[in-house]
Every structure is written in C-alpha cells, then in structure tokens.
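Visitor: One file: coords.cif (mmCIF, C-alpha atoms (C1' of nucleotides)).
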data_target
loop_
_atom_site.label_atom_id
_atom_site.label_comp_id
_atom_site.auth_asym_id
_atom_site.auth_seq_id
_atom_site.Cartn_x
_atom_site.Cartn_y
_atom_site.Cartn_z
CA MET B 1 135.17 49.10 -30.34
CA ALA B 2 134.33 52.67 -31.30
CA CYS B 3 135.59 55.48 -29.07
CA SER B 4 137.89 53.08 -27.22
CA LYS B 5 140.48 55.79 -26.68
CA SER B 6 138.06 57.72 -24.45
CA VAL B 7 137.68 54.74 -22.07
CA LEU B 8 139.11 55.71 -18.69
CA PRO B 9 142.48 53.96 -18.24
CA ARG B 10 143.86 52.10 -15.23
CA SER B 11 145.76 55.21 -14.11
CA PHE B 12 142.46 57.04 -13.56
CA TYR B 13 141.31 54.50 -10.99
CA THR B 14 144.52 53.70 -9.13
CA ARG B 15 144.47 57.01 -7.25
CA ASP B 16 143.04 58.32 -4.00
CA THR B 17 139.42 57.20 -3.62
CA LEU B 18 138.05 60.68 -2.88
CA THR B 19 139.74 62.12 -5.97
CA VAL B 20 138.40 59.34 -8.18
CA ALA B 21 134.91 59.81 -6.71
CA ARG B 22 134.81 63.53 -7.49
CA GLU B 23 136.23 63.03 -10.99
CA LEU B 24 133.71 60.33 -11.87
CA LEU B 25 130.96 62.96 -11.89
CA ALA B 26 129.81 63.90 -15.41
CA LYS B 27 131.55 60.86 -16.95
CA HIS B 28 129.52 58.41 -18.99
CA LEU B 29 128.78 54.95 -17.62
CA VAL B 30 128.40 52.55 -20.56
CA ARG B 31 126.76 49.12 -20.44
CA CYS B 32 126.91 47.06 -23.63
CA VAL B 33 124.30 44.31 -23.92
CA GLY B 34 124.45 42.67 -27.34
CA ASP B 35 124.18 45.46 -29.89
CA ALA B 36 122.59 47.85 -27.42
CA GLU B 37 124.58 50.53 -25.63
CA LEU B 38 122.95 51.73 -22.42
CA VAL B 39 124.54 55.00 -21.37
CA GLY B 40 124.09 57.33 -18.42
CA MET B 41 125.96 60.33 -17.07
CA ILE B 42 127.20 59.78 -13.52
CA VAL B 43 125.61 62.44 -11.31
CA GLU B 44 125.97 61.03 -7.77
CA VAL B 45 128.65 58.90 -6.08
CA GLU B 46 129.91 57.93 -2.64
CA ALA B 47 133.46 57.08 -1.58
CA TYR B 48 134.21 54.14 0.71
CA ARG B 49 137.67 53.42 2.04
CA GLY B 50 139.22 50.91 4.44
CA SER B 51 140.29 50.79 8.07
CA ASP B 52 139.66 54.55 8.52
CA ASP B 53 136.04 54.26 7.35
CA PRO B 54 133.60 52.42 9.67
CA ALA B 55 130.84 52.62 7.05
CA SER B 56 132.88 50.66 4.51
CA HIS B 57 132.51 46.96 3.75
CA ALA B 58 136.32 46.91 3.95
CA TYR B 59 136.53 48.40 7.46
CA LYS B 60 137.31 45.11 9.23
CA GLY B 61 139.56 43.61 6.60
CA VAL B 62 139.26 41.21 3.68
CA THR B 63 136.25 38.89 3.34
CA PRO B 64 135.07 36.85 0.36
CA ARG B 65 132.55 39.56 -0.56
CA ASN B 66 134.75 42.64 -0.31
CA ARG B 67 138.02 41.25 -1.70
CA LEU B 68 137.78 43.35 -4.86
CA MET B 69 137.98 46.52 -2.76
CA PHE B 70 141.49 45.48 -1.76
CA GLY B 71 142.57 44.76 -5.33
CA GLU B 72 143.74 47.15 -8.03
CA GLY B 73 141.55 50.07 -9.08
CA GLY B 74 139.38 49.88 -12.19
CA PHE B 75 137.25 46.80 -11.56
CA ALA B 76 133.51 46.46 -10.90
CA TYR B 77 132.51 45.54 -7.34
CA VAL B 78 128.85 44.51 -7.32
CA TYR B 79 127.06 43.40 -4.18
CA PHE B 80 123.51 42.32 -3.34
CA THR B 81 121.68 43.92 -0.42
CA TYR B 82 118.31 44.02 1.37
CA GLY B 83 117.40 40.77 -0.38
CA LYS B 84 116.44 42.75 -3.47
CA HIS B 85 118.99 45.18 -4.85
CA HIS B 86 122.38 45.20 -6.49
CA CYS B 87 124.80 48.09 -6.00
CA LEU B 88 127.58 48.97 -8.45
CA ASN B 89 130.96 50.23 -7.27
CA VAL B 90 134.21 50.86 -9.09
CA THR B 91 137.36 49.90 -7.24
CA THR B 92 140.08 52.46 -6.58
CA GLU B 93 143.63 52.72 -5.21
CA LYS B 94 146.59 50.46 -5.92
CA GLN B 95 146.73 46.74 -5.22
CA GLY B 96 146.43 46.07 -1.48
CA VAL B 97 144.78 49.39 -0.54
CA ALA B 98 141.03 49.25 0.11
CA GLY B 99 138.78 51.65 -1.75
CA ALA B 100 135.69 51.85 -3.96
CA VAL B 101 133.20 54.38 -5.27
CA LEU B 102 129.49 53.57 -5.18
CA ILE B 103 127.61 54.81 -8.24
CA ARG B 104 124.38 56.17 -6.73
CA ALA B 105 122.69 57.86 -9.68
CA ILE B 106 123.03 58.43 -13.40
CA GLU B 107 121.16 60.59 -15.91
CA PRO B 108 119.95 58.46 -18.86
CA ILE B 109 121.70 59.38 -22.12
CA ASN B 110 121.03 56.42 -24.41
CA GLY B 111 118.98 53.23 -24.36
CA MET B 112 116.15 54.71 -22.37
CA GLU B 113 113.54 52.35 -23.83
CA THR B 114 115.50 49.34 -22.59
CA MET B 115 115.90 50.99 -19.19
CA GLN B 116 112.14 51.56 -19.02
CA LYS B 117 111.55 47.92 -19.87
CA ASN B 118 114.09 46.70 -17.28
CA ARG B 119 112.61 48.94 -14.58
CA GLY B 120 108.96 48.36 -15.41
CA THR B 121 108.15 52.05 -15.48
CA LYS B 122 108.01 54.78 -18.10
CA ARG B 123 108.77 57.57 -15.65
CA VAL B 124 112.20 58.73 -16.78
CA HIS B 125 113.02 60.24 -13.40
CA ASP B 126 112.46 56.91 -11.64
CA LEU B 127 114.76 54.91 -13.92
CA THR B 128 118.21 55.58 -12.49
CA ASN B 129 117.94 57.96 -9.50
CA GLY B 130 119.26 55.51 -6.92
CA PRO B 131 121.92 52.78 -6.62
CA GLY B 132 119.45 49.89 -6.76
CA LYS B 133 117.44 51.49 -9.53
CA LEU B 134 120.29 52.15 -11.93
CA THR B 135 121.63 48.60 -11.66
CA GLU B 136 118.20 47.27 -12.55
CA ALA B 137 117.91 49.76 -15.45
CA ILE B 138 121.19 48.75 -17.07
CA ASP B 139 121.12 45.07 -16.05
CA ILE B 140 123.95 44.90 -13.53
CA THR B 141 124.00 41.82 -11.31
CA LYS B 142 126.70 39.75 -9.66
CA GLN B 143 127.38 38.44 -13.16
CA GLN B 144 129.30 41.68 -13.66
CA ASN B 145 131.21 41.48 -10.36
CA GLY B 146 134.95 41.68 -11.00
CA LEU B 147 134.75 42.97 -14.58
CA ASP B 148 137.76 44.99 -15.75
CA LEU B 149 136.43 48.46 -16.56
CA THR B 150 139.43 49.43 -18.68
CA LYS B 151 138.65 47.00 -21.50
CA GLY B 152 135.86 49.05 -23.08
CA GLU B 153 133.67 46.01 -23.56
CA GLU B 154 130.74 44.86 -21.43
CA LEU B 155 130.93 47.67 -18.88
CA PHE B 156 133.13 50.76 -18.78
CA ILE B 157 133.31 54.50 -18.14
CA ARG B 158 134.40 57.09 -20.68
CA LYS B 159 135.12 60.76 -20.89
CA THR B 160 132.43 62.93 -22.41
CA GLN B 161 133.23 64.67 -25.66
CA VAL B 162 132.40 68.08 -24.25
CA GLU B 163 132.12 68.15 -20.47
CA LYS B 164 129.72 70.87 -19.40
CA ASP B 165 130.49 73.07 -16.42
CA PHE B 166 128.87 71.92 -13.19
CA GLU B 167 129.19 72.46 -9.46
CA THR B 168 129.99 69.57 -7.13
CA VAL B 169 128.19 69.25 -3.79
CA SER B 170 129.75 67.31 -0.89
CA ALA B 171 127.30 65.77 1.57
CA GLN B 172 126.78 63.01 4.13
CA ARG B 173 126.56 59.52 2.74
CA ALA B 174 123.12 57.94 2.67
CA GLY B 175 121.83 54.91 4.54
CA ILE B 176 124.71 54.42 6.95
CA ARG B 177 124.78 54.55 10.76
CA VAL B 178 128.49 55.11 11.36
CA GLY B 179 130.96 57.39 9.67
CA VAL B 180 128.19 59.89 8.90
CA GLU B 181 130.49 62.82 9.70
CA LYS B 182 132.56 62.18 6.60
CA LEU B 183 131.22 64.21 3.65
CA TRP B 184 132.08 61.58 1.06
CA ARG B 185 128.94 61.76 -1.04
CA PHE B 186 129.40 63.89 -4.13
CA TYR B 187 126.77 64.96 -6.61
CA VAL B 188 126.13 67.36 -9.48
CA LYS B 189 124.40 70.42 -8.08
CA ASN B 190 120.81 70.89 -9.24
CA ASN B 191 120.75 67.69 -11.30
CA SER B 192 117.25 66.21 -11.11
CA PHE B 193 118.47 62.59 -11.19
CA VAL B 194 120.31 62.82 -7.86
CA SER B 195 118.60 60.51 -5.35
CA ARG B 196 116.54 62.11 -2.60
CA ARG B 197 117.13 61.87 1.13
"C1'" DA N 1 124.73 25.76 11.97
"C1'" DC N 2 122.32 29.92 12.63
"C1'" DA N 3 120.81 34.70 14.21
"C1'" DG N 4 121.22 39.38 12.92
"C1'" DC N 5 121.24 42.77 9.61
"C1'" DG N 6 122.07 45.86 5.57
"C1'" DA N 7 126.06 51.54 1.01
"C1'" DT N 8 117.42 50.31 -0.69
"C1'" DT N 9 113.07 50.66 -2.56
"C1'" DG N 10 108.18 51.15 -2.91
"C1'" DA N 11 103.84 51.10 -0.67
"C1'" DC N 12 101.14 53.15 2.62
"C1'" DT N 13 99.26 56.67 6.68
"C1'" DG G 1 106.28 61.00 7.45
"C1'" DT G 2 106.67 55.34 8.68
"C1'" DC G 3 107.60 50.57 7.62
"C1'" DA G 4 107.81 45.80 5.47
"C1'" DA G 5 110.04 43.02 1.98
"C1'" DT G 6 113.73 39.54 1.33
"C1'" DC G 7 118.19 36.91 1.22
"C1'" DG G 8 123.27 36.60 1.05
"C1'" DC G 9 127.06 37.79 3.99
"C1'" DT G 10 129.24 37.92 8.38
"C1'" DG G 11 130.29 36.85 13.01
"C1'" DT G 12 129.73 33.62 16.56
"C1'" DA G 13 129.30 28.79 18.20
#
Written as structure tokens, that's how I'd like the structure from this file.

Guide:
Amino acid sequence: MACSKSVLPRSFYTRDTLTVARELLAKHLVRCVGDAELVGMIVEVEAYRGSDDPASHAYKGVTPRNRLMFGEGGFAYVYFTYGKHHCLNVTTEKQGVAGAVLIRAIEPINGMETMQKNRGTKRVHDLTNGPGKLTEAIDITKQQNGLDLTKGEELFIRKTQVEKDFETVSAQRAGIRVGVEKLWRFYVKNNSFVSRR
DNA sequence: ACAGCGATTGACT
DNA sequence: GTCAATCGCTGTA
C-alpha cells in the first residue's frame, strides 16, 4: 500500500477525545473501493464522550450498538439513523473509556466522479457537506462498522503532505437536545464544505 | 412484544 | 422558515 507510513497510527487515536477531534481537521479520509481511492479532507467534526456527555450514545453505558465507543481508539463506529442515513465516527481513548469523533463534513479531494454517482447529484458542494451525505458519497455503511483504521486498507485517515494553515472554530454540536452547552463541534473556518445550521 | 424516537436530509411554504 | 420520511435501537413490559 502506497503512502502507508502516513496512515495515522494507534497512538493518534488513543488520546483524549477532544484533542483527537481537533487534530482530525485537515487530515485526509481515504476510502478504498477496488482500485478507486475516494479521498476527502476532514473539515468538520464533533466529539462525543461517555458518562459526562448526555448527548452521547455512550452516556448510559454499553449497549450492542455503542460497544465500539468503549473499545480502543482507532476503529470505525458506523450507525444508522432516521431510517435513512449512516454516520461515520472514529473511536478514541484507551480500551474501556468511551469516546468517538463524528466526521460531519469533508472536502472532496479525489474520486469526485464516483461521489457524484453515489450521491445522485453533480453539485460538488452537496456531495459531502453533512454526516449522512459523506457516508453516501464514499459508500460507508454498517459493512464498515468496526474496521481498524490503522491498517491503511479499506478505510483510513492519513496526514497530508503539506498541511495548510487554517483556523479552527469551536461551536455547539448540531441536532442534539441535551449537552448543547458543550462546544465540541470543530470546523475549519471559512471552509465552504462545512455543513450549515 | 412494542412504542417512542433519533449525532439527518430534502422537499416544500 | 417548517416538516415528513423511514427503520433499527433502546427501554419498558
């Protein structure tokens, strides 16, 4: 696998969830499907923790759905919601500590034609500017739930060759009714692929 | 067994 | 701006 040494290692993920969330911005999310490499730059994320975070799936303890949030950092946690959409998270923290980062938006870098086909639209700015949109664009379903992101194979995240300067904005998380006071949504300032709300 | 609902989206007024 | 779609997960019985 080319560029495998730039794949983020386990030690990146097994840290504090808020730190991992902020540092995921401007990294490249890579989805390999056959010979195709669908790539997007992460521009918007949200952190979810455990018993201190009423908005988190992990707030009330382990269930069959959220068990990956309690496992070791660096795995994909994919869930299905509103009867329509999949959301992609990466797990964080060490084994036994709940945490995950929701990938809310990416800026398409490579494989845009496939993303347009998967989304059924040609409008570039509608391809990946939302958690349910980007999973459809890069073909993430529960098939990918539990994947190890440190392998550099089907799904992974890598450092960019030259990371441009950017400003990080902290804001309220979207679509939740509790825990809104925590500013655990982070996005790249002025990036046009950040979801609206 | 089953009612309630959601870390969203797209269509419509 | 408002609201319906749609179904798997969760809590309760």

Visitor: Within 10 Å of chain G, which residues of chain B show up when using all atoms listed in the file, listed as number ranges by chain?

Guide: B: 63-65, 79-85

Visitor: Keeping only C-alpha atoms, write the selected residues to a file as a CSV table (one decimal), in the frame of the given file.

Guide:
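Contents of result.csv, freshly written:
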chain,number,residue,atom,x,y,z
B,63,THR,CA,136.2,38.9,3.3
B,64,PRO,CA,135.1,36.8,0.4
B,65,ARG,CA,132.6,39.6,-0.6
B,79,TYR,CA,127.1,43.4,-4.2
B,80,PHE,CA,123.5,42.3,-3.3
B,81,THR,CA,121.7,43.9,-0.4
B,82,TYR,CA,118.3,44.0,1.4
B,83,GLY,CA,117.4,40.8,-0.4
B,84,LYS,CA,116.4,42.8,-3.5
B,85,HIS,CA,119.0,45.2,-4.8

Visitor: Using only C-alpha atoms (C1' of nucleotides) and a distance of at most 10 Å, pull out the residues of chain B that contact chain N, as a list in words.

Guide: Glu46, Ala47, Tyr48, Ala55, Ser56, His57, Tyr79, Phe80, Thr81, Tyr82, Gly83, Lys84, His85, His86, Cys87, Leu88, Asn89, Val101, Leu102, Ile103, Arg104, Gly130, Pro131, Gly132, Lys133, Arg173, Ala174, Gly175 and Ile176 of chain B

Visitor: Using CA of Leu8 (chain B) and CA of Val124 (chain B) as the two end points, give the distance in Å to one decimal.

Guide: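 The value is 27.1 Å.
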
Visitor: Name the residues, using the chain letters and numbers of the file, that sit within 12 Å of (134.7, 59.0, 1.7) when counting only C-alpha atoms (C1' of nucleotides), and give them as a compact mmCIF listing (two decimals) with C-alpha atoms (C1' of nucleotides), keeping the file's coordinate frame.

Guide:
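So result-v7.txt came out as:
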# COMPACT_ATOMS: atom_id res chain seq x y z
CA ASP B 16 143.04 58.32 -4.00
CA THR B 17 139.42 57.20 -3.62
CA LEU B 18 138.05 60.68 -2.88
CA THR B 19 139.74 62.12 -5.97
CA VAL B 20 138.40 59.34 -8.18
CA ALA B 21 134.91 59.81 -6.71
CA ARG B 22 134.81 63.53 -7.49
CA VAL B 45 128.65 58.90 -6.08
CA GLU B 46 129.91 57.93 -2.64
CA ALA B 47 133.46 57.08 -1.58
CA TYR B 48 134.21 54.14 0.71
CA ARG B 49 137.67 53.42 2.04
CA GLY B 50 139.22 50.91 4.44
CA SER B 51 140.29 50.79 8.07
CA ASP B 52 139.66 54.55 8.52
CA ASP B 53 136.04 54.26 7.35
CA PRO B 54 133.60 52.42 9.67
CA ALA B 55 130.84 52.62 7.05
CA SER B 56 132.88 50.66 4.51
CA THR B 92 140.08 52.46 -6.58
CA ALA B 98 141.03 49.25 0.11
CA GLY B 99 138.78 51.65 -1.75
CA ALA B 100 135.69 51.85 -3.96
CA VAL B 101 133.20 54.38 -5.27
CA LEU B 102 129.49 53.57 -5.18
CA SER B 170 129.75 67.31 -0.89
CA ALA B 171 127.30 65.77 1.57
CA GLN B 172 126.78 63.01 4.13
CA ARG B 173 126.56 59.52 2.74
CA ALA B 174 123.12 57.94 2.67
CA GLY B 179 130.96 57.39 9.67
CA VAL B 180 128.19 59.89 8.90
CA GLU B 181 130.49 62.82 9.70
CA LYS B 182 132.56 62.18 6.60
CA LEU B 183 131.22 64.21 3.65
CA TRP B 184 132.08 61.58 1.06
CA ARG B 185 128.94 61.76 -1.04
CA PHE B 186 129.40 63.89 -4.13
C1' DA N 7 126.06 51.54 1.01

Visitor: I'd like the interatomic distance between CA of Val7 (chain B) and CA of Lys94 (chain B), to a tenth of an Å.

Guide: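 CA of Lys94 (chain B) lies at a distance of 18.9 Å from CA of Val7 (chain B).
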
Visitor: For Phe70 (chain B), which residue out of B:Thr128, B:Thr91, B:Thr168, B:Gln161 is the nearest one, using all atoms listed in the file?

Guide: B:Thr91

Visitor: Do you know which residues are at most 9 Å from Ser11 (chain B) counting only C-alpha atoms (C1' of nucleotides), after dropping those on the same chain fewer than 3 positions away, and could you put them as a list in words?

Guide: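 Final neighbour list, sorted by chain and number: Leu8, Thr14, Arg15, Gly73 and Gly74 of chain B.
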
Visitor: Quote the spacing between CA of Met69 (chain B) and CA of Val97 (chain B) in Å to one decimal place.

Guide: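 We find that CA of Met69 (chain B) and CA of Val97 (chain B) lie 7.7 Å from each other.
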
Visitor: Residues at most 12 Å from Asp165 (chain B), counting all atoms listed in the file, excluding those fewer than 5 positions away in the same chain, as a PDB file with C-alpha atoms, in the frame of the given file?

Guide:
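Result went into around.pdb, see below:
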ATOM      1  CA  LEU B  25     130.960  62.960 -11.890  1.00  0.00           C
ATOM      2  CA  ALA B  26     129.810  63.900 -15.410  1.00  0.00           C
ATOM      3  CA  THR B 160     132.430  62.930 -22.410  1.00  0.00           C
ATOM      4  CA  VAL B 188     126.130  67.360  -9.480  1.00  0.00           C
ATOM      5  CA  LYS B 189     124.400  70.420  -8.080  1.00  0.00           C
TER       6      LYS B 189
END

Visitor: Between B:Asn129, B:Thr141, B:Ser6, B:Gln95, which is the closest to Val162 (chain B) once you count only C-alpha atoms?

Guide: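 So, comparing all the options, the nearest one is B:Ser6.
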